>>> print(open('upload36.cif').read())   # mmCIF, C-alpha atoms and all ligand atoms
data_start
#
loop_
_atom_site.group_PDB
_atom_site.id
_atom_site.type_symbol
_atom_site.label_atom_id
_atom_site.label_comp_id
_atom_site.auth_asym_id
_atom_site.auth_seq_id
_atom_site.Cartn_x
_atom_site.Cartn_y
_atom_site.Cartn_z
ATOM 1 C CA MET A 122 77.113 133.675 47.384
ATOM 2 C CA LYS A 123 79.606 131.685 49.368
ATOM 3 C CA SER A 124 78.458 128.096 49.776
ATOM 4 C CA PHE A 125 79.022 126.011 52.870
ATOM 5 C CA ASP A 126 81.623 123.281 52.742
ATOM 6 C CA PHE A 127 80.220 120.050 54.167
ATOM 7 C CA ASP A 128 83.314 118.013 53.317
ATOM 8 C CA PHE A 129 84.011 117.358 56.958
ATOM 9 C CA LEU A 130 80.723 115.408 57.182
ATOM 10 C CA LYS A 131 82.029 112.688 54.878
ATOM 11 C CA PHE A 132 82.277 109.533 56.883
ATOM 12 C CA SER A 133 84.739 106.758 56.108
ATOM 13 C CA TRP A 134 85.866 103.570 57.814
ATOM 14 C CA ALA A 135 88.937 105.415 58.992
ATOM 15 C CA SER A 136 86.703 107.995 60.740
ATOM 16 C CA ALA A 137 84.750 105.218 62.467
ATOM 17 C CA ILE A 138 87.973 103.583 63.690
ATOM 18 C CA ASP A 139 89.251 107.005 64.705
ATOM 19 C CA ILE A 140 86.149 107.667 66.830
ATOM 20 C CA ILE A 141 86.300 104.220 68.432
ATOM 21 C CA LEU A 142 89.990 104.645 69.294
ATOM 22 C CA VAL A 143 89.385 108.089 70.792
ATOM 23 C CA ALA A 144 86.465 106.668 72.830
ATOM 24 C CA ILE A 145 88.714 103.855 74.125
ATOM 25 C CA LEU A 146 91.442 106.385 74.949
ATOM 26 C CA ILE A 147 88.985 108.586 76.866
ATOM 27 C CA TYR A 148 87.687 105.552 78.735
ATOM 28 C CA TYR A 149 91.240 104.471 79.677
ATOM 29 C CA VAL A 150 92.207 107.938 80.836
ATOM 30 C CA TYR A 151 88.969 108.240 82.809
ATOM 31 C CA SER A 152 89.374 104.845 84.493
ATOM 32 C CA LEU A 153 92.961 105.724 85.460
ATOM 33 C CA ILE A 154 92.175 109.088 86.984
ATOM 34 C CA ARG A 155 88.741 108.267 88.450
ATOM 35 C CA ASN A 156 88.588 109.198 92.157
ATOM 36 C CA THR A 157 91.893 111.056 92.000
ATOM 37 C CA LEU A 158 92.702 114.745 92.113
ATOM 38 C CA ALA A 159 93.612 114.565 88.428
ATOM 39 C CA VAL A 160 89.866 114.708 87.611
ATOM 40 C CA ASN A 161 89.653 118.224 89.080
ATOM 41 C CA LEU A 162 92.775 119.295 87.183
ATOM 42 C CA LEU A 163 91.378 117.957 83.936
ATOM 43 C CA LEU A 164 88.088 119.721 84.567
ATOM 44 C CA GLY A 165 89.966 122.973 85.244
ATOM 45 C CA MET A 166 91.851 122.601 81.956
ATOM 46 C CA PHE A 167 88.662 121.886 80.083
ATOM 47 C CA ILE A 168 87.053 125.068 81.450
ATOM 48 C CA ILE A 169 90.131 127.124 80.455
ATOM 49 C CA LEU A 170 90.011 125.649 76.935
ATOM 50 C CA ILE A 171 86.324 126.540 76.519
ATOM 51 C CA PHE A 172 87.003 130.044 77.868
ATOM 52 C CA TYR A 173 89.899 130.352 75.376
ATOM 53 C CA GLN A 174 87.658 129.401 72.451
ATOM 54 C CA VAL A 175 85.000 131.933 73.544
ATOM 55 C CA VAL A 176 87.589 134.718 73.960
ATOM 56 C CA LYS A 177 89.073 133.871 70.554
ATOM 57 C CA GLY A 178 85.647 133.788 68.944
ATOM 58 C CA LEU A 179 84.933 137.288 70.319
ATOM 59 C CA HIS A 180 88.287 138.505 68.928
ATOM 60 C CA MET A 181 89.536 139.639 72.331
ATOM 61 C CA ASP A 182 93.144 139.584 71.145
ATOM 62 C CA LEU A 183 94.989 140.525 74.301
ATOM 63 C CA LEU A 184 93.224 138.012 76.526
ATOM 64 C CA SER A 185 93.452 135.236 73.937
ATOM 65 C CA LYS A 186 97.220 135.848 73.563
ATOM 66 C CA ILE A 187 97.688 135.605 77.327
ATOM 67 C CA ILE A 188 95.689 132.350 77.519
ATOM 68 C CA ASP A 189 97.528 131.058 74.447
ATOM 69 C CA LYS A 190 100.889 131.562 76.181
ATOM 70 C CA PHE A 191 99.513 130.029 79.357
ATOM 71 C CA ILE A 192 98.356 126.937 77.428
ATOM 72 C CA SER A 193 101.709 126.436 75.669
ATOM 73 C CA VAL A 194 103.566 126.532 79.016
ATOM 74 C CA GLY A 195 100.728 124.500 80.501
ATOM 75 C CA ILE A 196 101.531 121.476 78.291
ATOM 76 C CA MET A 197 104.908 121.090 80.065
ATOM 77 C CA ALA A 198 103.265 121.650 83.435
ATOM 78 C CA LEU A 199 100.680 118.996 82.593
ATOM 79 C CA ILE A 200 103.342 116.392 81.831
ATOM 80 C CA ILE A 201 104.901 117.108 85.229
ATOM 81 C CA ILE A 202 101.589 117.162 87.121
ATOM 82 C CA PHE A 203 100.261 114.021 85.449
ATOM 83 C CA GLN A 204 103.571 112.150 85.577
ATOM 84 C CA PRO A 205 102.197 109.356 87.873
ATOM 85 C CA GLU A 206 99.088 108.954 85.684
ATOM 86 C CA ILE A 207 101.124 108.934 82.442
ATOM 87 C CA ARG A 208 103.490 106.366 83.955
ATOM 88 C CA ARG A 209 100.537 104.206 85.060
ATOM 89 C CA PHE A 210 98.883 104.576 81.663
ATOM 90 C CA LEU A 211 101.991 103.350 79.823
ATOM 91 C CA LEU A 212 102.494 100.477 82.266
ATOM 92 C CA HIS A 213 98.836 99.577 81.854
ATOM 93 C CA ILE A 214 99.164 99.463 78.055
ATOM 94 C CA GLY A 215 102.266 97.262 78.351
ATOM 95 C CA LYS A 216 100.506 94.937 80.770
ATOM 96 C CA SER A 217 97.412 94.645 78.611
ATOM 97 C CA THR A 218 99.201 93.396 75.530
ATOM 98 C CA PHE A 219 98.087 90.094 74.078
ATOM 99 C CA LEU A 220 101.093 88.101 75.230
ATOM 100 C CA GLN A 221 100.957 89.483 78.762
ATOM 101 C CA LYS A 222 97.246 88.706 79.044
ATOM 102 C CA ASN A 223 97.598 85.193 77.773
ATOM 103 C CA LYS A 224 99.826 83.971 80.539
ATOM 104 C CA ALA A 225 98.548 80.472 79.828
ATOM 105 C CA TRP A 226 100.644 80.506 76.648
ATOM 106 C CA TRP A 227 103.696 81.715 78.502
ATOM 107 C CA GLY A 228 103.048 79.006 81.061
ATOM 108 C CA TYR A 229 102.615 76.363 78.386
ATOM 109 C CA LEU A 230 105.902 77.367 76.840
ATOM 110 C CA PHE A 231 107.856 77.932 80.029
ATOM 111 C CA GLY A 232 106.304 75.582 82.594
ATOM 112 C CA SER A 233 103.280 77.224 84.235
ATOM 113 C CA LYS A 234 102.590 74.420 86.726
ATOM 114 C CA ASP A 235 105.926 75.052 88.417
ATOM 115 C CA ARG A 236 105.286 78.765 88.400
ATOM 116 C CA GLU A 237 101.832 78.362 89.971
ATOM 117 C CA ARG A 238 103.210 76.112 92.673
ATOM 118 C CA ASP A 239 106.054 78.566 93.331
ATOM 119 C CA ASN A 240 103.530 81.358 93.498
ATOM 120 C CA LEU A 241 101.425 79.634 96.132
ATOM 121 C CA LEU A 242 104.540 78.747 98.125
ATOM 122 C CA ARG A 243 105.648 82.338 98.006
ATOM 123 C CA ILE A 244 102.233 83.732 98.936
ATOM 124 C CA LYS A 245 101.527 81.344 101.816
ATOM 125 C CA PRO A 246 104.005 82.846 104.329
ATOM 126 C CA ILE A 247 102.609 86.309 103.561
ATOM 127 C CA ILE A 248 99.009 85.188 104.141
ATOM 128 C CA ASP A 249 100.042 83.381 107.342
ATOM 129 C CA ALA A 250 101.865 86.488 108.578
ATOM 130 C CA CYS A 251 98.792 88.625 107.820
ATOM 131 C CA LYS A 252 96.578 86.177 109.718
ATOM 132 C CA SER A 253 98.756 86.364 112.776
ATOM 133 C CA MET A 254 99.168 90.169 112.565
ATOM 134 C CA LYS A 255 95.397 90.570 112.215
ATOM 135 C CA LYS A 256 94.948 88.474 115.365
ATOM 136 C CA SER A 257 97.521 90.418 117.347
ATOM 137 C CA ARG A 258 96.392 93.789 115.913
ATOM 138 C CA THR A 259 99.823 94.540 114.540
ATOM 139 C CA GLY A 260 99.788 97.265 111.911
ATOM 140 C CA ALA A 261 101.527 96.325 108.682
ATOM 141 C CA LEU A 262 102.059 97.653 105.194
ATOM 142 C CA ILE A 263 103.416 95.259 102.573
ATOM 143 C CA VAL A 264 104.070 96.439 99.026
ATOM 144 C CA PHE A 265 104.428 94.070 96.085
ATOM 145 C CA VAL A 266 106.282 95.106 92.966
ATOM 146 C CA LYS A 267 107.408 92.982 90.060
ATOM 147 C CA PHE A 268 110.748 94.738 89.732
ATOM 148 C CA TYR A 269 112.503 96.562 92.516
ATOM 149 C CA ASP A 270 113.021 100.177 91.521
ATOM 150 C CA ASP A 271 116.096 101.482 93.386
ATOM 151 C CA GLU A 272 115.145 105.060 92.716
ATOM 152 C CA LEU A 273 111.727 104.628 94.260
ATOM 153 C CA PHE A 274 112.682 102.726 97.382
ATOM 154 C CA THR A 275 116.316 102.958 98.443
ATOM 155 C CA ASN A 276 116.265 106.497 99.827
ATOM 156 C CA SER A 277 114.481 105.631 103.017
ATOM 157 C CA CYS A 278 114.534 101.836 103.102
ATOM 158 C CA GLU A 279 116.587 99.376 105.065
ATOM 159 C CA ILE A 280 117.789 96.728 102.600
ATOM 160 C CA ILE A 281 116.936 93.189 103.675
ATOM 161 C CA ASP A 282 117.104 91.025 100.541
ATOM 162 C CA SER A 283 115.924 87.868 102.226
ATOM 163 C CA LYS A 284 113.702 84.881 101.514
ATOM 164 C CA ILE A 285 110.027 85.549 102.207
ATOM 165 C CA SER A 286 109.183 84.178 105.627
ATOM 166 C CA LYS A 287 106.253 84.506 107.990
ATOM 167 C CA ARG A 288 108.442 84.950 111.058
ATOM 168 C CA LEU A 289 110.578 87.617 109.400
ATOM 169 C CA LEU A 290 107.488 89.618 108.402
ATOM 170 C CA GLU A 291 106.049 89.289 111.906
ATOM 171 C CA SER A 292 109.269 90.393 113.558
ATOM 172 C CA ILE A 293 109.681 93.376 111.248
ATOM 173 C CA PHE A 294 106.213 94.684 112.078
ATOM 174 C CA GLN A 295 106.098 93.899 115.790
ATOM 175 C CA LYS A 296 105.841 97.139 117.759
ATOM 176 C CA HIS A 297 109.308 97.067 119.343
ATOM 177 C CA SER A 298 111.191 96.321 116.144
ATOM 178 C CA PRO A 299 113.342 99.242 114.956
ATOM 179 C CA LEU A 300 112.057 98.543 111.423
ATOM 180 C CA HIS A 301 108.323 98.431 112.165
ATOM 181 C CA ASP A 302 107.647 101.983 110.947
ATOM 182 C CA GLY A 303 107.032 102.186 107.212
ATOM 183 C CA ALA A 304 106.500 99.545 104.559
ATOM 184 C CA VAL A 305 108.061 96.240 103.610
ATOM 185 C CA VAL A 306 108.715 95.868 99.887
ATOM 186 C CA ILE A 307 108.505 92.436 98.305
ATOM 187 C CA ALA A 308 109.870 91.946 94.792
ATOM 188 C CA GLU A 309 111.466 89.244 92.689
ATOM 189 C CA ASN A 310 110.505 86.588 95.241
ATOM 190 C CA LYS A 311 112.272 88.283 98.133
ATOM 191 C CA ILE A 312 111.687 90.653 101.000
ATOM 192 C CA LYS A 313 113.777 93.407 99.490
ATOM 193 C CA SER A 314 113.535 96.125 102.099
ATOM 194 C CA ALA A 315 111.738 97.367 105.184
ATOM 195 C CA SER A 316 110.944 100.643 106.882
ATOM 196 C CA CYS A 317 110.267 102.322 103.555
ATOM 197 C CA ILE A 318 108.628 105.731 103.491
ATOM 198 C CA LEU A 319 106.162 105.786 100.628
ATOM 199 C CA PRO A 320 104.450 108.659 98.820
ATOM 200 C CA LEU A 321 101.062 109.463 100.345
ATOM 201 C CA THR A 322 97.972 109.704 98.200
ATOM 202 C CA ASP A 323 96.315 113.110 98.095
ATOM 203 C CA ASN A 324 92.925 111.635 97.284
ATOM 204 C CA ASP A 325 90.435 113.614 99.376
ATOM 205 C CA LYS A 326 87.575 111.133 98.902
ATOM 206 C CA LEU A 327 88.955 108.421 101.168
ATOM 207 C CA PRO A 328 87.083 107.410 104.315
ATOM 208 C CA PRO A 329 88.057 109.556 107.330
ATOM 209 C CA GLN A 330 89.357 106.562 109.293
ATOM 210 C CA PHE A 331 92.178 106.124 106.765
ATOM 211 C CA GLY A 332 95.374 107.343 108.355
ATOM 212 C CA LEU A 333 98.921 107.473 107.046
ATOM 213 C CA ARG A 334 99.404 103.720 106.661
ATOM 214 C CA HIS A 335 96.429 103.428 104.323
ATOM 215 C CA ARG A 336 97.339 106.637 102.512
ATOM 216 C CA ALA A 337 100.880 105.385 101.939
ATOM 217 C CA GLY A 338 99.598 102.021 100.613
ATOM 218 C CA ILE A 339 97.215 103.733 98.214
ATOM 219 C CA GLY A 340 99.879 106.311 97.289
ATOM 220 C CA ILE A 341 102.408 103.738 96.125
ATOM 221 C CA SER A 342 99.746 101.900 94.113
ATOM 222 C CA GLU A 343 99.082 105.202 92.300
ATOM 223 C CA THR A 344 102.691 106.094 91.577
ATOM 224 C CA ALA A 345 104.171 102.693 90.782
ATOM 225 C CA ASP A 346 103.085 99.400 89.287
ATOM 226 C CA ALA A 347 102.571 98.085 92.792
ATOM 227 C CA VAL A 348 99.874 96.606 94.983
ATOM 228 C CA ALA A 349 99.794 97.036 98.746
ATOM 229 C CA VAL A 350 98.365 94.978 101.584
ATOM 230 C CA ILE A 351 97.506 96.965 104.679
ATOM 231 C CA VAL A 352 96.783 95.404 108.067
ATOM 232 C CA SER A 353 95.094 97.928 110.316
ATOM 233 C CA GLU A 354 96.520 98.254 113.790
ATOM 234 C CA GLU A 355 93.206 99.647 115.048
ATOM 235 C CA THR A 356 90.775 97.093 113.642
ATOM 236 C CA GLY A 357 92.915 94.231 112.314
ATOM 237 C CA GLU A 358 91.099 94.678 108.996
ATOM 238 C CA ILE A 359 92.962 93.817 105.806
ATOM 239 C CA ALA A 360 92.844 96.287 102.919
ATOM 240 C CA TYR A 361 94.201 95.851 99.397
ATOM 241 C CA ALA A 362 95.302 98.821 97.307
ATOM 242 C CA LYS A 363 95.745 98.680 93.560
ATOM 243 C CA GLN A 364 95.939 101.470 90.985
ATOM 244 C CA GLY A 365 94.920 104.056 93.548
ATOM 245 C CA ARG A 366 91.804 102.182 94.614
ATOM 246 C CA VAL A 367 91.334 100.309 97.838
ATOM 247 C CA ARG A 368 89.343 97.212 98.731
ATOM 248 C CA MET A 369 88.355 96.995 102.367
ATOM 249 C CA ASN A 370 87.775 94.021 104.615
ATOM 250 C CA VAL A 371 89.474 91.539 102.336
ATOM 251 C CA SER A 372 89.174 87.921 103.464
ATOM 252 C CA PHE A 373 92.220 85.649 103.413
ATOM 253 C CA GLY A 374 90.737 83.615 100.561
ATOM 254 C CA GLU A 375 90.321 86.802 98.524
ATOM 255 C CA LEU A 376 93.783 87.989 99.472
ATOM 256 C CA GLU A 377 95.302 84.763 98.204
ATOM 257 C CA LYS A 378 93.444 85.103 94.897
ATOM 258 C CA LEU A 379 94.352 88.776 94.507
ATOM 259 C CA LEU A 380 98.026 88.201 95.218
ATOM 260 C CA ASN A 381 98.106 85.172 92.971
ATOM 261 C CA LYS A 382 96.709 87.316 90.169
ATOM 262 C CA ASP A 383 98.648 90.533 90.715
ATOM 263 C CA PHE A 384 101.947 89.453 92.167
HETATM 264 N N1 LIG A 401 104.722 107.699 104.179
HETATM 265 C C1 LIG A 401 104.646 106.513 104.807
HETATM 266 N N2 LIG A 401 105.130 105.404 104.212
HETATM 267 C C2 LIG A 401 105.057 104.215 104.822
HETATM 268 N N3 LIG A 401 104.492 104.016 106.025
HETATM 269 C C3 LIG A 401 103.988 105.083 106.672
HETATM 270 C C4 LIG A 401 104.032 106.380 106.099
HETATM 271 N N4 LIG A 401 103.452 107.237 106.958
HETATM 272 C C5 LIG A 401 103.067 106.496 108.006
HETATM 273 N N5 LIG A 401 103.368 105.202 107.854
HETATM 274 C C6 LIG A 401 103.122 104.097 108.781
HETATM 275 O O1 LIG A 401 101.813 104.246 109.281
HETATM 276 C C7 LIG A 401 101.843 104.266 110.702
HETATM 277 C C8 LIG A 401 100.807 105.231 111.209
HETATM 278 O O2 LIG A 401 99.628 104.737 110.814
HETATM 279 P P1 LIG A 401 98.222 105.465 111.077
HETATM 280 O O3 LIG A 401 97.720 105.088 112.425
HETATM 281 O O4 LIG A 401 98.286 106.902 110.707
HETATM 282 O O5 LIG A 401 97.518 104.679 109.919
HETATM 283 P P2 LIG A 401 96.059 104.137 109.648
HETATM 284 O O6 LIG A 401 95.922 104.195 108.166
HETATM 285 O O7 LIG A 401 95.069 104.866 110.524
HETATM 286 O O8 LIG A 401 96.168 102.618 110.036
HETATM 287 P P3 LIG A 401 95.766 101.866 111.382
HETATM 288 O O9 LIG A 401 94.381 101.370 111.151
HETATM 289 O O10 LIG A 401 96.801 100.806 111.425
HETATM 290 O O11 LIG A 401 95.883 102.875 112.526
HETATM 291 C C9 LIG A 401 103.236 104.723 111.064
HETATM 292 O O12 LIG A 401 103.609 104.184 112.327
HETATM 293 C C10 LIG A 401 104.065 104.172 109.951
HETATM 294 O O13 LIG A 401 104.491 102.847 110.245
#
>>> encode(input="upload36.cif", output="structure tokens")
Amino acid sequence: MKSFDFDFLKFSWASAIDIILVAILIYYVYSLIRNTLAVNLLLGMFIILIFYQVVKGLHMDLLSKIIDKFISVGIMALIIIFQPEIRRFLLHIGKSTFLQKNKAWWGYLFGSKDRERDNLLRIKPIIDACKSMKKSRTGALIVFVKFYDDELFTNSCEIIDSKISKRLLESIFQKHSPLHDGAVVIAENKIKSASCILPLTDNDKLPPQFGLRHRAGIGISETADAVAVIVSEETGEIAYAKQGRVRMNVSFGELEKLLNKDF
């Protein structure tokens, strides 16, 4: 009689590490795609995979061949569909490395006090502009990126490349300015461009009051390593978008802390 092979039940340290790493990977993927349409896509794939296993188990050759072909083409399709998530995932891994996380060490080696002071100086005009735009109910969308990606922004943007200033931000967003439509992009310590058309998020779980400005702010935080500050024209409320998630009603104290951390 044929005996069962229980070899696969042998458990080693390598298996334990393997399981832990897979659990961490699943957690990372889940936290990146949570509240996005990618969850539905992943669920759809999962259902197809289960169906494939059932069909294969029942030896339904024709159907399993069709699904097999579909899956092999599907891998390419998945890379295209999940391109923003894959990009974010890789950026996230890069940003979470030991040296990146321990900025104190970088600062110690390369003069953190100066950097902190520079940071506050650079953030202050933005906070002041937001305060005044909130008061005057001027809608604004400001995107912060570490490195300006020509491919992502130059198509629709008006290049500015100027020092960050409160009055410049206010005049860009005031209603009669020809540049007020779209987003301002701040990178490398400069107002790089204005009037930028950004990709809109297709998240269908956002509150109904979110219009295009909010959707564009959230959209760019999903597709690029960017954060966005949104000043609502309707309510004057400040929102902060990061990694596809949005924080509403952000106070100026919080905004300063968030920008100091992320920008
Ligand atoms: N794809 C886009 N990229 C950048 N900015 C955009 C985009 N689409 C719309 N906007 C900006 O959003 C403005 C329209 O905002 P809308 O009223 O739809 O937004 P909202 O999210 O409801 O915000 P508010 O509370 O300010 O009304 C446009 O005038 C334009 O400046």
>>> residues_near_ligand(input="upload36.cif", ligand="ligand LIG 401 (chain A)", cutoff="10 Å", atoms="all atoms listed in the file", output="CSV table (one decimal) with C-alpha atoms, in the frame of the given file")
chain,number,residue,atom,x,y,z
A,258,ARG,CA,96.4,93.8,115.9
A,259,THR,CA,99.8,94.5,114.5
A,260,GLY,CA,99.8,97.3,111.9
A,261,ALA,CA,101.5,96.3,108.7
A,262,LEU,CA,102.1,97.7,105.2
A,263,ILE,CA,103.4,95.3,102.6
A,264,VAL,CA,104.1,96.4,99.0
A,277,SER,CA,114.5,105.6,103.0
A,278,CYS,CA,114.5,101.8,103.1
A,294,PHE,CA,106.2,94.7,112.1
A,296,LYS,CA,105.8,97.1,117.8
A,300,LEU,CA,112.1,98.5,111.4
A,301,HIS,CA,108.3,98.4,112.2
A,302,ASP,CA,107.6,102.0,110.9
A,303,GLY,CA,107.0,102.2,107.2
A,304,ALA,CA,106.5,99.5,104.6
A,305,VAL,CA,108.1,96.2,103.6
A,315,ALA,CA,111.7,97.4,105.2
A,316,SER,CA,110.9,100.6,106.9
A,317,CYS,CA,110.3,102.3,103.6
A,318,ILE,CA,108.6,105.7,103.5
A,319,LEU,CA,106.2,105.8,100.6
A,320,PRO,CA,104.4,108.7,98.8
A,321,LEU,CA,101.1,109.5,100.3
A,322,THR,CA,98.0,109.7,98.2
A,329,PRO,CA,88.1,109.6,107.3
A,330,GLN,CA,89.4,106.6,109.3
A,331,PHE,CA,92.2,106.1,106.8
A,332,GLY,CA,95.4,107.3,108.4
A,333,LEU,CA,98.9,107.5,107.0
A,334,ARG,CA,99.4,103.7,106.7
A,335,HIS,CA,96.4,103.4,104.3
A,336,ARG,CA,97.3,106.6,102.5
A,337,ALA,CA,100.9,105.4,101.9
A,338,GLY,CA,99.6,102.0,100.6
A,340,GLY,CA,99.9,106.3,97.3
A,341,ILE,CA,102.4,103.7,96.1
A,351,ILE,CA,97.5,97.0,104.7
A,352,VAL,CA,96.8,95.4,108.1
A,353,SER,CA,95.1,97.9,110.3
A,354,GLU,CA,96.5,98.3,113.8
A,355,GLU,CA,93.2,99.6,115.0
A,356,THR,CA,90.8,97.1,113.6
A,357,GLY,CA,92.9,94.2,112.3
A,358,GLU,CA,91.1,94.7,109.0
A,359,ILE,CA,93.0,93.8,105.8
A,360,ALA,CA,92.8,96.3,102.9
>>> atom_distance(input="upload36.cif", atom1="CA of Leu289 (chain A)", atom2="CA of Val348 (chain A)")
20.1 Å
>>> atom_distance(input="upload36.cif", atom1="CA of Ser253 (chain A)", atom2="CA of Lys267 (chain A)")
25.2 Å
>>> resolve_selection(input="upload36.cif", expression="the PyMOL selection byres (((chain A and resi 188) around 10) and not hetatm)", output="JSON, numbers by chain")
{"A": [169, 170, 172, 173, 174, 176, 177, 182, 183, 184, 185, 186, 187, 189, 190, 191, 192, 193, 194, 195]}
>>> residues_around(input="upload36.cif", residues="Ile244 (chain A)", least_positions_apart="2", cutoff="10 Å", atoms="all atoms listed in the file", output="list in words")
Arg238, Asp239, Asn240, Leu241, Leu242, Pro246, Ile247, Ile248, Asp249, Ile285, Ser286, Lys287, Asn310, Leu376, Glu377, Lys378, Leu380, Asn381 and Phe384 of chain A
>>> write_last_selection(input="upload36.cif", atoms="C-alpha atoms", output="short mmCIF file (atom, residue, chain, number, x, y, z; two decimals), in the coordinates of the input")
data_model
loop_
_atom_site.label_atom_id
_atom_site.label_comp_id
_atom_site.auth_asym_id
_atom_site.auth_seq_id
_atom_site.Cartn_x
_atom_site.Cartn_y
_atom_site.Cartn_z
CA ARG A 238 103.21 76.11 92.67
CA ASP A 239 106.05 78.57 93.33
CA ASN A 240 103.53 81.36 93.50
CA LEU A 241 101.42 79.63 96.13
CA LEU A 242 104.54 78.75 98.12
CA PRO A 246 104.00 82.85 104.33
CA ILE A 247 102.61 86.31 103.56
CA ILE A 248 99.01 85.19 104.14
CA ASP A 249 100.04 83.38 107.34
CA ILE A 285 110.03 85.55 102.21
CA SER A 286 109.18 84.18 105.63
CA LYS A 287 106.25 84.51 107.99
CA ASN A 310 110.50 86.59 95.24
CA LEU A 376 93.78 87.99 99.47
CA GLU A 377 95.30 84.76 98.20
CA LYS A 378 93.44 85.10 94.90
CA LEU A 380 98.03 88.20 95.22
CA ASN A 381 98.11 85.17 92.97
CA PHE A 384 101.95 89.45 92.17
#
>>> axis_aligned_box(input="upload36.cif", around="region 273-277 of chain A", padding_each_side="8 Å", output="lines of an AutoDock Vina configuration file")
center_x = 114.0
center_y = 104.6
center_z = 98.6
size_x = 20.6
size_y = 19.8
size_z = 24.8
>>> residues_around(input="upload36.cif", residues="Ala347 (chain A)", least_positions_apart="2", cutoff="10 Å", atoms="all atoms listed in the file", output="JSON, numbers by chain")
{"A": [264, 265, 266, 267, 268, 306, 307, 308, 338, 339, 340, 341, 342, 343, 344, 345, 349, 362, 363, 364, 365, 383, 384]}
>>> atom_distance(input="upload36.cif", atom1="CA of Pro328 (chain A)", atom2="CA of Val350 (chain A)")
17.0 Å
